[in-house]
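Peer 1: Below you'll find target.pdb; it's PDB, C-alpha atoms, pLDDT in the B column.
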```
ATOM      1  CA  MET A   1       5.309  16.162   3.389  1.00 62.00           C
ATOM      2  CA  GLU A   2       2.529  16.415   5.880  1.00 56.00           C
ATOM      3  CA  GLU A   3       0.058  13.968   7.312  1.00 56.00           C
ATOM      4  CA  LEU A   4      -3.546  14.637   6.363  1.00 58.00           C
ATOM      5  CA  GLN A   5      -6.655  14.063   8.395  1.00 52.00           C
ATOM      6  CA  VAL A   6      -9.899  14.132   6.441  1.00 52.00           C
ATOM      7  CA  ALA A   7     -12.374  16.348   8.236  1.00 45.00           C
ATOM      8  CA  ASP A   8     -15.961  15.385   8.988  1.00 45.00           C
ATOM      9  CA  LYS A   9     -18.096  16.035   5.920  1.00 44.00           C
ATOM     10  CA  ALA A  10     -20.613  17.828   8.116  1.00 41.00           C
ATOM     11  CA  LYS A  11     -18.075  20.456   9.161  1.00 47.00           C
ATOM     12  CA  PRO A  12     -18.581  23.748   7.276  1.00 44.00           C
ATOM     13  CA  ALA A  13     -15.849  24.522   4.785  1.00 45.00           C
ATOM     14  CA  ALA A  14     -15.802  28.096   6.126  1.00 45.00           C
ATOM     15  CA  ASP A  15     -14.102  26.804   9.286  1.00 47.00           C
ATOM     16  CA  GLU A  16     -10.920  26.150   7.306  1.00 47.00           C
ATOM     17  CA  PRO A  17      -8.315  28.807   6.447  1.00 49.00           C
ATOM     18  CA  LYS A  18      -9.061  30.426   3.125  1.00 54.00           C
ATOM     19  CA  ALA A  19      -5.439  30.480   2.002  1.00 61.00           C
ATOM     20  CA  PRO A  20      -2.158  29.029   3.318  1.00 62.00           C
ATOM     21  CA  ARG A  21       0.637  31.328   4.408  1.00 68.00           C
ATOM     22  CA  GLU A  22       3.303  32.141   1.804  1.00 69.00           C
ATOM     23  CA  LEU A  23       6.889  33.430   1.919  1.00 67.00           C
ATOM     24  CA  ALA A  24       7.617  37.098   1.231  1.00 70.00           C
ATOM     25  CA  GLY A  25      10.123  38.221  -1.424  1.00 74.00           C
ATOM     26  CA  VAL A  26      13.265  38.301   0.769  1.00 81.00           C
ATOM     27  CA  GLN A  27      12.316  34.990   2.341  1.00 78.00           C
ATOM     28  CA  ARG A  28      11.986  33.422  -1.102  1.00 75.00           C
ATOM     29  CA  VAL A  29      15.474  34.584  -2.033  1.00 83.00           C
ATOM     30  CA  ALA A  30      16.836  33.097   1.197  1.00 82.00           C
ATOM     31  CA  MET A  31      15.155  29.787   0.407  1.00 77.00           C
ATOM     32  CA  ILE A  32      16.724  29.721  -3.078  1.00 81.00           C
ATOM     33  CA  VAL A  33      20.159  29.956  -1.430  1.00 87.00           C
ATOM     34  CA  VAL A  34      19.302  27.293   1.146  1.00 82.00           C
ATOM     35  CA  GLY A  35      17.888  25.044  -1.564  1.00 82.00           C
ATOM     36  CA  PHE A  36      21.120  25.278  -3.566  1.00 88.00           C
ATOM     37  CA  PHE A  37      23.288  24.167  -0.636  1.00 90.00           C
ATOM     38  CA  VAL A  38      20.904  21.358   0.345  1.00 87.00           C
ATOM     39  CA  ARG A  39      20.915  20.038  -3.244  1.00 88.00           C
ATOM     40  CA  MET A  40      24.720  19.974  -3.213  1.00 93.00           C
ATOM     41  CA  TRP A  41      24.638  18.231   0.168  1.00 93.00           C
ATOM     42  CA  THR A  42      22.172  15.499  -0.830  1.00 93.00           C
ATOM     43  CA  ARG A  43      23.890  14.894  -4.170  1.00 93.00           C
ATOM     44  CA  SER A  44      27.075  13.973  -2.306  1.00 96.00           C
ATOM     45  CA  LEU A  45      25.358  10.997  -0.668  1.00 97.00           C
ATOM     46  CA  ARG A  46      25.892   7.449  -1.944  1.00 97.00           C
ATOM     47  CA  PHE A  47      22.697   5.462  -2.489  1.00 97.00           C
ATOM     48  CA  HIS A  48      22.682   1.689  -2.082  1.00 97.00           C
ATOM     49  CA  PHE A  49      19.644  -0.504  -2.660  1.00 97.00           C
ATOM     50  CA  GLY A  50      18.618  -4.022  -3.521  1.00 96.00           C
ATOM     51  CA  ALA A  51      16.037  -5.887  -5.569  1.00 96.00           C
ATOM     52  CA  ASP A  52      13.061  -4.250  -3.822  1.00 94.00           C
ATOM     53  CA  VAL A  53      13.996  -0.752  -5.014  1.00 96.00           C
ATOM     54  CA  GLN A  54      15.144  -1.961  -8.431  1.00 96.00           C
ATOM     55  CA  ALA A  55      11.807  -3.666  -9.022  1.00 94.00           C
ATOM     56  CA  PHE A  56      10.008  -0.383  -8.349  1.00 92.00           C
ATOM     57  CA  LEU A  57      12.347   1.529 -10.646  1.00 93.00           C
ATOM     58  CA  ASP A  58      11.842  -1.001 -13.446  1.00 92.00           C
ATOM     59  CA  LYS A  59       8.044  -1.192 -13.338  1.00 88.00           C
ATOM     60  CA  PRO A  60       5.925   0.887 -15.741  1.00 85.00           C
ATOM     61  CA  ALA A  61       5.335   4.426 -14.551  1.00 81.00           C
ATOM     62  CA  GLU A  62       2.044   4.866 -12.696  1.00 87.00           C
ATOM     63  CA  PRO A  63       1.070   7.585 -10.198  1.00 90.00           C
ATOM     64  CA  ALA A  64       1.658   6.324  -6.653  1.00 92.00           C
ATOM     65  CA  ILE A  65       1.176   7.420  -3.051  1.00 92.00           C
ATOM     66  CA  MET A  66       4.608   7.534  -1.421  1.00 92.00           C
ATOM     67  CA  ILE A  67       4.704   7.297   2.379  1.00 94.00           C
ATOM     68  CA  LEU A  68       7.818   7.920   4.495  1.00 94.00           C
ATOM     69  CA  TRP A  69       8.513   8.991   8.077  1.00 96.00           C
ATOM     70  CA  HIS A  70       8.936  12.679   8.867  1.00 92.00           C
ATOM     71  CA  ASN A  71      12.508  12.341  10.193  1.00 95.00           C
ATOM     72  CA  ARG A  72      13.660  11.132   6.754  1.00 95.00           C
ATOM     73  CA  LEU A  73      12.009  13.999   4.909  1.00 88.00           C
ATOM     74  CA  LEU A  74      15.253  15.678   3.814  1.00 88.00           C
ATOM     75  CA  LEU A  75      15.858  12.962   1.221  1.00 91.00           C
ATOM     76  CA  GLY A  76      12.195  12.521   0.294  1.00 85.00           C
ATOM     77  CA  PRO A  77      12.535  13.480  -3.397  1.00 84.00           C
ATOM     78  CA  GLU A  78      16.119  12.327  -3.937  1.00 88.00           C
ATOM     79  CA  LEU A  79      15.246   8.871  -5.280  1.00 89.00           C
ATOM     80  CA  TYR A  80      13.043  10.541  -7.880  1.00 88.00           C
ATOM     81  CA  ARG A  81      15.639  13.136  -8.853  1.00 88.00           C
ATOM     82  CA  ARG A  82      18.308  10.488  -9.455  1.00 92.00           C
ATOM     83  CA  TYR A  83      16.409   7.583 -10.947  1.00 93.00           C
ATOM     84  CA  LEU A  84      12.945   8.789 -11.968  1.00 91.00           C
ATOM     85  CA  PRO A  85      13.452  12.306 -13.361  1.00 90.00           C
ATOM     86  CA  GLU A  86      10.526  11.952 -15.749  1.00 90.00           C
ATOM     87  CA  ARG A  87       8.009  11.472 -12.921  1.00 91.00           C
ATOM     88  CA  LYS A  88       6.182  14.337 -11.247  1.00 91.00           C
ATOM     89  CA  ILE A  89       5.732  14.460  -7.490  1.00 91.00           C
ATOM     90  CA  ALA A  90       3.532  16.535  -5.189  1.00 92.00           C
ATOM     91  CA  GLY A  91       3.980  16.824  -1.434  1.00 85.00           C
ATOM     92  CA  LEU A  92       1.482  17.570   1.308  1.00 81.00           C
ATOM     93  CA  ILE A  93       2.696  20.480   3.460  1.00 79.00           C
ATOM     94  CA  SER A  94       1.155  22.309   6.404  1.00 73.00           C
ATOM     95  CA  ALA A  95      -0.747  25.541   5.683  1.00 68.00           C
ATOM     96  CA  SER A  96       1.034  27.181   8.654  1.00 67.00           C
ATOM     97  CA  SER A  97       3.888  29.693   8.593  1.00 66.00           C
ATOM     98  CA  ASP A  98       6.361  26.837   9.189  1.00 66.00           C
ATOM     99  CA  GLY A  99       4.877  25.078   6.189  1.00 70.00           C
ATOM    100  CA  ALA A 100       5.523  28.169   4.074  1.00 73.00           C
ATOM    101  CA  TRP A 101       9.277  27.648   4.505  1.00 74.00           C
ATOM    102  CA  LEU A 102       9.005  23.978   3.579  1.00 75.00           C
ATOM    103  CA  THR A 103       6.900  24.952   0.566  1.00 79.00           C
ATOM    104  CA  GLY A 104       9.651  27.265  -0.647  1.00 78.00           C
ATOM    105  CA  PHE A 105      12.192  24.502  -0.168  1.00 78.00           C
ATOM    106  CA  PHE A 106      10.102  21.923  -2.016  1.00 78.00           C
ATOM    107  CA  GLU A 107       9.644  24.286  -4.932  1.00 79.00           C
ATOM    108  CA  GLN A 108      13.438  24.431  -5.272  1.00 79.00           C
ATOM    109  CA  LEU A 109      13.446  20.641  -5.637  1.00 77.00           C
ATOM    110  CA  GLY A 110      10.736  20.604  -8.280  1.00 79.00           C
ATOM    111  CA  ILE A 111       8.014  19.293  -5.977  1.00 85.00           C
ATOM    112  CA  LYS A 112       4.471  20.613  -6.311  1.00 88.00           C
ATOM    113  CA  PRO A 113       3.258  21.717  -2.842  1.00 86.00           C
ATOM    114  CA  ILE A 114      -0.268  20.949  -1.675  1.00 86.00           C
ATOM    115  CA  ARG A 115      -1.030  22.978   1.455  1.00 79.00           C
ATOM    116  CA  GLY A 116      -3.019  21.527   4.312  1.00 73.00           C
ATOM    117  CA  SER A 117      -3.016  19.047   7.206  1.00 65.00           C
ATOM    118  CA  ARG A 118      -5.233  17.821  10.023  1.00 61.00           C
ATOM    119  CA  HIS A 119      -4.615  21.183  11.736  1.00 59.00           C
ATOM    120  CA  GLY A 120      -6.147  23.221   8.916  1.00 60.00           C
ATOM    121  CA  ARG A 121      -7.361  23.197   5.307  1.00 67.00           C
ATOM    122  CA  GLY A 122      -7.644  19.419   5.428  1.00 72.00           C
ATOM    123  CA  VAL A 123     -10.712  18.899   3.240  1.00 80.00           C
ATOM    124  CA  GLN A 124      -9.475  21.187   0.461  1.00 82.00           C
ATOM    125  CA  ALA A 125      -6.013  19.584   0.545  1.00 83.00           C
ATOM    126  CA  PHE A 126      -7.548  16.117   0.271  1.00 84.00           C
ATOM    127  CA  ARG A 127      -9.461  17.152  -2.835  1.00 86.00           C
ATOM    128  CA  GLU A 128      -6.370  18.729  -4.381  1.00 89.00           C
ATOM    129  CA  LEU A 129      -4.313  15.592  -3.731  1.00 88.00           C
ATOM    130  CA  ILE A 130      -6.862  13.409  -5.483  1.00 87.00           C
ATOM    131  CA  LYS A 131      -6.925  15.870  -8.390  1.00 90.00           C
ATOM    132  CA  VAL A 132      -3.140  15.997  -8.902  1.00 91.00           C
ATOM    133  CA  SER A 133      -2.885  12.210  -8.526  1.00 90.00           C
ATOM    134  CA  ARG A 134      -5.343  11.801 -11.384  1.00 89.00           C
ATOM    135  CA  ALA A 135      -3.255  14.334 -13.328  1.00 92.00           C
ATOM    136  CA  GLY A 136      -0.255  11.982 -13.129  1.00 92.00           C
ATOM    137  CA  TYR A 137       1.573  13.122  -9.979  1.00 93.00           C
ATOM    138  CA  ASP A 138       2.995  10.859  -7.312  1.00 93.00           C
ATOM    139  CA  ILE A 139       1.879  11.986  -3.848  1.00 92.00           C
ATOM    140  CA  GLY A 140       4.311  12.213  -0.910  1.00 89.00           C
ATOM    141  CA  ILE A 141       3.043  11.981   2.690  1.00 89.00           C
ATOM    142  CA  THR A 142       4.713  11.860   6.108  1.00 88.00           C
ATOM    143  CA  PRO A 143       2.016  10.165   8.217  1.00 90.00           C
ATOM    144  CA  ASP A 144       3.521  11.202  11.586  1.00 90.00           C
ATOM    145  CA  GLY A 145       4.005  14.887  10.657  1.00 76.00           C
ATOM    146  CA  SER A 146       3.967  17.639  11.510  1.00 77.00           C
ATOM    147  CA  ARG A 147       3.783  17.264  15.276  1.00 81.00           C
ATOM    148  CA  GLY A 148       4.113  13.554  15.938  1.00 84.00           C
ATOM    149  CA  PRO A 149       4.265  11.327  17.815  1.00 93.00           C
ATOM    150  CA  MET A 150       7.246   9.877  15.990  1.00 96.00           C
ATOM    151  CA  TYR A 151       6.411   6.857  13.806  1.00 96.00           C
ATOM    152  CA  ASP A 152       2.667   7.229  14.332  1.00 94.00           C
ATOM    153  CA  MET A 153       0.692   6.235  11.240  1.00 92.00           C
ATOM    154  CA  LYS A 154      -2.278   8.586  11.463  1.00 86.00           C
ATOM    155  CA  ALA A 155      -5.545   7.563   9.866  1.00 82.00           C
ATOM    156  CA  GLY A 156      -5.494  10.439   7.346  1.00 80.00           C
ATOM    157  CA  ALA A 157      -2.671   8.850   5.353  1.00 78.00           C
ATOM    158  CA  ALA A 158      -4.473   5.527   5.301  1.00 83.00           C
ATOM    159  CA  THR A 159      -7.724   7.205   4.240  1.00 87.00           C
ATOM    160  CA  LEU A 160      -6.000   8.883   1.307  1.00 83.00           C
ATOM    161  CA  ALA A 161      -4.386   5.585   0.365  1.00 80.00           C
ATOM    162  CA  LEU A 162      -7.753   3.837   0.417  1.00 82.00           C
ATOM    163  CA  ARG A 163      -9.656   6.507  -1.482  1.00 82.00           C
ATOM    164  CA  GLY A 164      -6.981   7.757  -3.846  1.00 78.00           C
ATOM    165  CA  GLY A 165      -7.127   4.820  -6.217  1.00 81.00           C
ATOM    166  CA  ALA A 166      -3.324   4.756  -6.695  1.00 88.00           C
ATOM    167  CA  PRO A 167      -0.810   2.104  -5.588  1.00 91.00           C
ATOM    168  CA  ILE A 168       1.004   2.696  -2.299  1.00 93.00           C
ATOM    169  CA  LEU A 169       4.800   2.801  -2.000  1.00 94.00           C
ATOM    170  CA  LEU A 170       6.435   2.775   1.435  1.00 96.00           C
ATOM    171  CA  LEU A 171       9.888   4.377   1.371  1.00 96.00           C
ATOM    172  CA  SER A 172      12.693   4.456   3.945  1.00 97.00           C
ATOM    173  CA  TYR A 173      16.121   6.081   3.847  1.00 97.00           C
ATOM    174  CA  ASN A 174      18.365   4.338   6.378  1.00 97.00           C
ATOM    175  CA  TYR A 175      21.457   6.311   7.335  1.00 96.00           C
ATOM    176  CA  THR A 176      24.889   4.897   8.103  1.00 96.00           C
ATOM    177  CA  ARG A 177      26.285   8.209   9.421  1.00 96.00           C
ATOM    178  CA  ALA A 178      24.036  11.065  10.477  1.00 96.00           C
ATOM    179  CA  TRP A 179      23.414  13.793  13.001  1.00 96.00           C
ATOM    180  CA  ARG A 180      20.049  13.901  14.763  1.00 96.00           C
ATOM    181  CA  LEU A 181      18.208  17.010  15.851  1.00 95.00           C
ATOM    182  CA  LYS A 182      16.580  17.333  19.269  1.00 94.00           C
ATOM    183  CA  SER A 183      13.163  17.621  17.668  1.00 93.00           C
ATOM    184  CA  TRP A 184      10.059  15.540  18.378  1.00 93.00           C
ATOM    185  CA  ASP A 185      11.017  13.136  15.572  1.00 94.00           C
ATOM    186  CA  ARG A 186      14.823  13.182  16.127  1.00 95.00           C
ATOM    187  CA  PHE A 187      15.190  14.423  12.539  1.00 94.00           C
ATOM    188  CA  TYR A 188      18.074  12.924  10.539  1.00 96.00           C
ATOM    189  CA  LEU A 189      20.789  15.016   8.876  1.00 95.00           C
ATOM    190  CA  PRO A 190      23.050  12.646   6.916  1.00 96.00           C
ATOM    191  CA  VAL A 191      26.793  13.294   6.965  1.00 97.00           C
ATOM    192  CA  PRO A 192      27.941  14.486   3.502  1.00 97.00           C
ATOM    193  CA  PHE A 193      29.368  11.711   1.284  1.00 97.00           C
ATOM    194  CA  SER A 194      27.960   9.027   3.584  1.00 97.00           C
ATOM    195  CA  ARG A 195      26.067   5.928   2.482  1.00 97.00           C
ATOM    196  CA  ILE A 196      22.272   5.751   2.410  1.00 97.00           C
ATOM    197  CA  ASN A 197      20.560   2.371   2.341  1.00 98.00           C
ATOM    198  CA  VAL A 198      17.235   2.725   0.524  1.00 97.00           C
ATOM    199  CA  ARG A 199      14.326   0.353   1.126  1.00 97.00           C
ATOM    200  CA  VAL A 200      10.842   0.280  -0.360  1.00 96.00           C
ATOM    201  CA  ASP A 201       7.725  -1.816   0.085  1.00 97.00           C
ATOM    202  CA  ASP A 202       5.385  -1.805  -2.901  1.00 94.00           C
ATOM    203  CA  VAL A 203       2.057  -2.354  -1.132  1.00 93.00           C
ATOM    204  CA  GLY A 204      -0.166  -2.217  -4.188  1.00 91.00           C
ATOM    205  CA  TYR A 205      -3.559  -0.578  -4.586  1.00 88.00           C
ATOM    206  CA  GLY A 206      -5.059   0.961  -1.479  1.00 82.00           C
ATOM    207  CA  LYS A 207      -8.541  -0.236  -2.379  1.00 79.00           C
ATOM    208  CA  ASN A 208      -7.341  -3.790  -1.722  1.00 81.00           C
ATOM    209  CA  LEU A 209      -5.951  -2.976   1.744  1.00 85.00           C
ATOM    210  CA  ALA A 210      -7.803  -4.007   4.937  1.00 86.00           C
ATOM    211  CA  ASN A 211     -11.163  -4.245   3.160  1.00 85.00           C
ATOM    212  CA  GLY A 212     -11.422  -0.462   3.136  1.00 82.00           C
ATOM    213  CA  ASP A 213     -11.036  -0.047   6.919  1.00 88.00           C
ATOM    214  CA  ALA A 214      -8.831   3.051   7.427  1.00 88.00           C
ATOM    215  CA  LYS A 215      -7.884   2.253  11.044  1.00 90.00           C
ATOM    216  CA  GLN A 216      -6.841  -1.291  10.205  1.00 92.00           C
ATOM    217  CA  ALA A 217      -5.047  -0.049   7.091  1.00 92.00           C
ATOM    218  CA  ALA A 218      -3.066   2.377   9.271  1.00 93.00           C
ATOM    219  CA  VAL A 219      -1.955  -0.507  11.499  1.00 94.00           C
ATOM    220  CA  ILE A 220      -0.846  -2.560   8.500  1.00 94.00           C
ATOM    221  CA  LEU A 221       0.979   0.338   6.852  1.00 95.00           C
ATOM    222  CA  LYS A 222       2.831   1.189  10.065  1.00 96.00           C
ATOM    223  CA  GLU A 223       3.960  -2.400  10.558  1.00 97.00           C
ATOM    224  CA  ARG A 224       5.223  -2.639   6.989  1.00 97.00           C
ATOM    225  CA  LEU A 225       6.943   0.751   7.030  1.00 97.00           C
ATOM    226  CA  MET A 226       8.667  -0.019  10.349  1.00 97.00           C
ATOM    227  CA  ALA A 227       9.853  -3.329   8.857  1.00 97.00           C
ATOM    228  CA  ILE A 228      12.022  -1.399   6.377  1.00 97.00           C
ATOM    229  CA  THR A 229      13.020   1.346   8.852  1.00 97.00           C
ATOM    230  CA  GLU A 230      16.306   1.198  10.773  1.00 95.00           C
ATOM    231  CA  ASP A 231      16.464   3.262  13.969  1.00 92.00           C
ATOM    232  CA  ASP A 232      18.438   1.985  16.965  1.00 79.00           C
ATOM    233  CA  GLU A 233      17.165   4.783  19.202  1.00 74.00           C
ATOM    234  CA  TYR A 234      13.501   3.901  18.745  1.00 63.00           C
ATOM    235  CA  SER A 235      11.580   1.441  20.845  1.00 50.00           C
ATOM    236  CA  GLU A 236       7.818   1.079  20.859  1.00 52.00           C
ATOM    237  CA  ALA A 237       6.162   2.039  24.128  1.00 40.00           C
TER     238      ALA A 237
END
```
So that I can check it, write out the structure of this file as structure tokens.
Peer 2:
Amino acid sequence: MEELQVADKAKPAADEPKAPRELAGVQRVAMIVVGFFVRMWTRSLRFHFGADVQAFLDKPAEPAIMILWHNRLLLGPELYRRYLPERKIAGLISASSDGAWLTGFFEQLGIKPIRGSRHGRGVQAFRELIKVSRAGYDIGITPDGSRGPMYDMKAGAATLALRGGAPILLLSYNYTRAWRLKSWDRFYLPVPFSRINVRVDDVGYGKNLANGDAKQAAVILKERLMAITEDDEYSEA
């Protein structure tokens, strides 16, 4: 789930890529196999959560904008698969070749991919996100993806939250046992059968956040998302 930066309205649409990159036939088959093993892996994990998550699960279904950090992306849709199977979710993914692999993976999990980010196809992706949200989909965004810095709430996520008209849900998967990759975000790979502590913060409607100021909204959203994020290796510079 990518971060989105809304391009300047004056920028010609022709500057953006006409179509995102897609996987070829053999690559799609490989992703089906990978998707199967990842589903088995994530289904072995034990979810634990408190009243904050239960309150979200119990409230009437309404399309939301779900925001989580990039290094917790592996479990992005798992809460929905287990407890909200009737809800539809779409994820923002880069239009690059790397994003093509993530698109194939998301499709295996039943997530509708929307291709684009601040590095390309941003305006079109923004329009598509608004459209699918109005069609009843939850929207998933990683505001520090795809290139970081880690835990940086970029303004594009806040802009979508403010303009999208849907309530905002901050989501964090906190791992008790996990490996971490040597990537820019120190990506988490939870140990199979380990415990995952789930936290959420139901922010409410974006139109009521920071009086419509995207930069201030980004500051608020980062503070609230970090408040439910556990990461001993992280310290703010």
Peer 1: Compile the contact shell of A:Val26 as a list of chain:residue names: residues with an atom at most 12 Å away, counting all atoms listed in the file, same-chain residues fewer than 6 positions apart removed.
Peer 2: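 Listed by chain and then number, they are A:Ile32, A:Val33, A:Trp101, A:Gly104.
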Peer 1: Include C-alpha atoms and write out the residues we just selected as a compact mmCIF listing (two decimals), in the coordinates of the input.
Peer 2:
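And here is the file that came out, selection-v4.txt:
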```txt
# COMPACT_ATOMS: atom_id res chain seq x y z
CA ILE A 32 16.72 29.72 -3.08
CA VAL A 33 20.16 29.96 -1.43
CA TRP A 101 9.28 27.65 4.50
CA GLY A 104 9.65 27.26 -0.65
```
Peer 1: Quick one: distance from atom CA of A:Ile168 to atom CA of A:Gly206 in Å, one decimal?
Peer 2: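 Here the two named atoms are 6.4 Å from each other.
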Peer 1: Given the PyMOL selection byres ((chain A and resi 49-64) around 10) and the file above, list the residues it selects as a ChimeraX atom specification.
Peer 2: /A:47-48,65-67,79-80,83-84,86-89,132-140,161,164-169,171,173,196-202,204-205
Peer 1: Using all atoms listed in the file, which residue out of A:Asn174, A:Asp185, A:Val191, A:Arg163 lies closest to A:Asn208?
Peer 2: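 Among the listed residues, the smallest separation from A:Asn208 belongs to A:Arg163.
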Peer 1: Give me, as a PyMOL selection string, all polymer residues having an atom no more than 8 Å from A:Asp144, counting all atoms listed in the file and skipping those fewer than 2 positions away in the same chain.
Peer 2: chain A and resi 2-3+69-70+142+146-154
Peer 1: Using all atoms listed in the file, find the one residue out of A:Arg39, A:Arg186, A:Lys215, A:Arg177 that sits nearest to A:Phe105.
Peer 2: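 Checking each candidate against A:Phe105, we get A:Arg39 as the closest.
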Peer 1: Measuring atom to atom with only C-alpha atoms, identify which of A:Arg224, A:Arg195, A:Lys207, A:Arg28 is nearest to A:Glu107.
Peer 2: A:Arg28
Peer 1: Please write the residues picked by the PyMOL selection byres ((chain A and resi 43) around 9) on this file as number ranges by chain.
Peer 2: A: 38-42, 44-46, 78, 82, 192-193
Peer 1: Go ahead and compute the interatomic distance for atom CA of A:Ala210 and atom CA of A:Gly91, in Å to one decimal.
Peer 2: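 Between these atoms lies a distance of 24.8 Å.
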Peer 1: Measure the distance from atom CA of A:Leu73 to atom CA of A:Thr159 in Å and round it to one decimal.
Peer 2: 20.9 Å
Peer 1: Please enclose the listed atoms of stretch 191-197 of chain A in an axis-aligned box, pad each side by 3 Å, and write out the centre and the three edge lengths in Å, rounded to one decimal, as JSON.
Peer 2:
```
{"center_x": 25.0, "center_y": 8.4, "center_z": 4.1, "size_x": 14.8, "size_y": 18.1, "size_z": 11.7}
```
Peer 1: For A:Pro190, which of A:Ser94, A:Thr176, A:Asn211, A:Gln27 is the closest residue, counting only C-alpha atoms?
Peer 2: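 Selected residue with least distance to A:Pro190: A:Thr176.
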Peer 1: Return the single residue from A:Pro85, A:Gln124, A:Leu68, A:Ala217 that is closest to A:Ile111, with distances computed using all atoms listed in the file.
Peer 2: A:Pro85
Peer 1: Which of these, A:Gly116, A:Ser172, A:Val29, A:Gly110, has the shortest distance to A:Ile228 once you count all atoms listed in the file?
Peer 2: A:Ser172
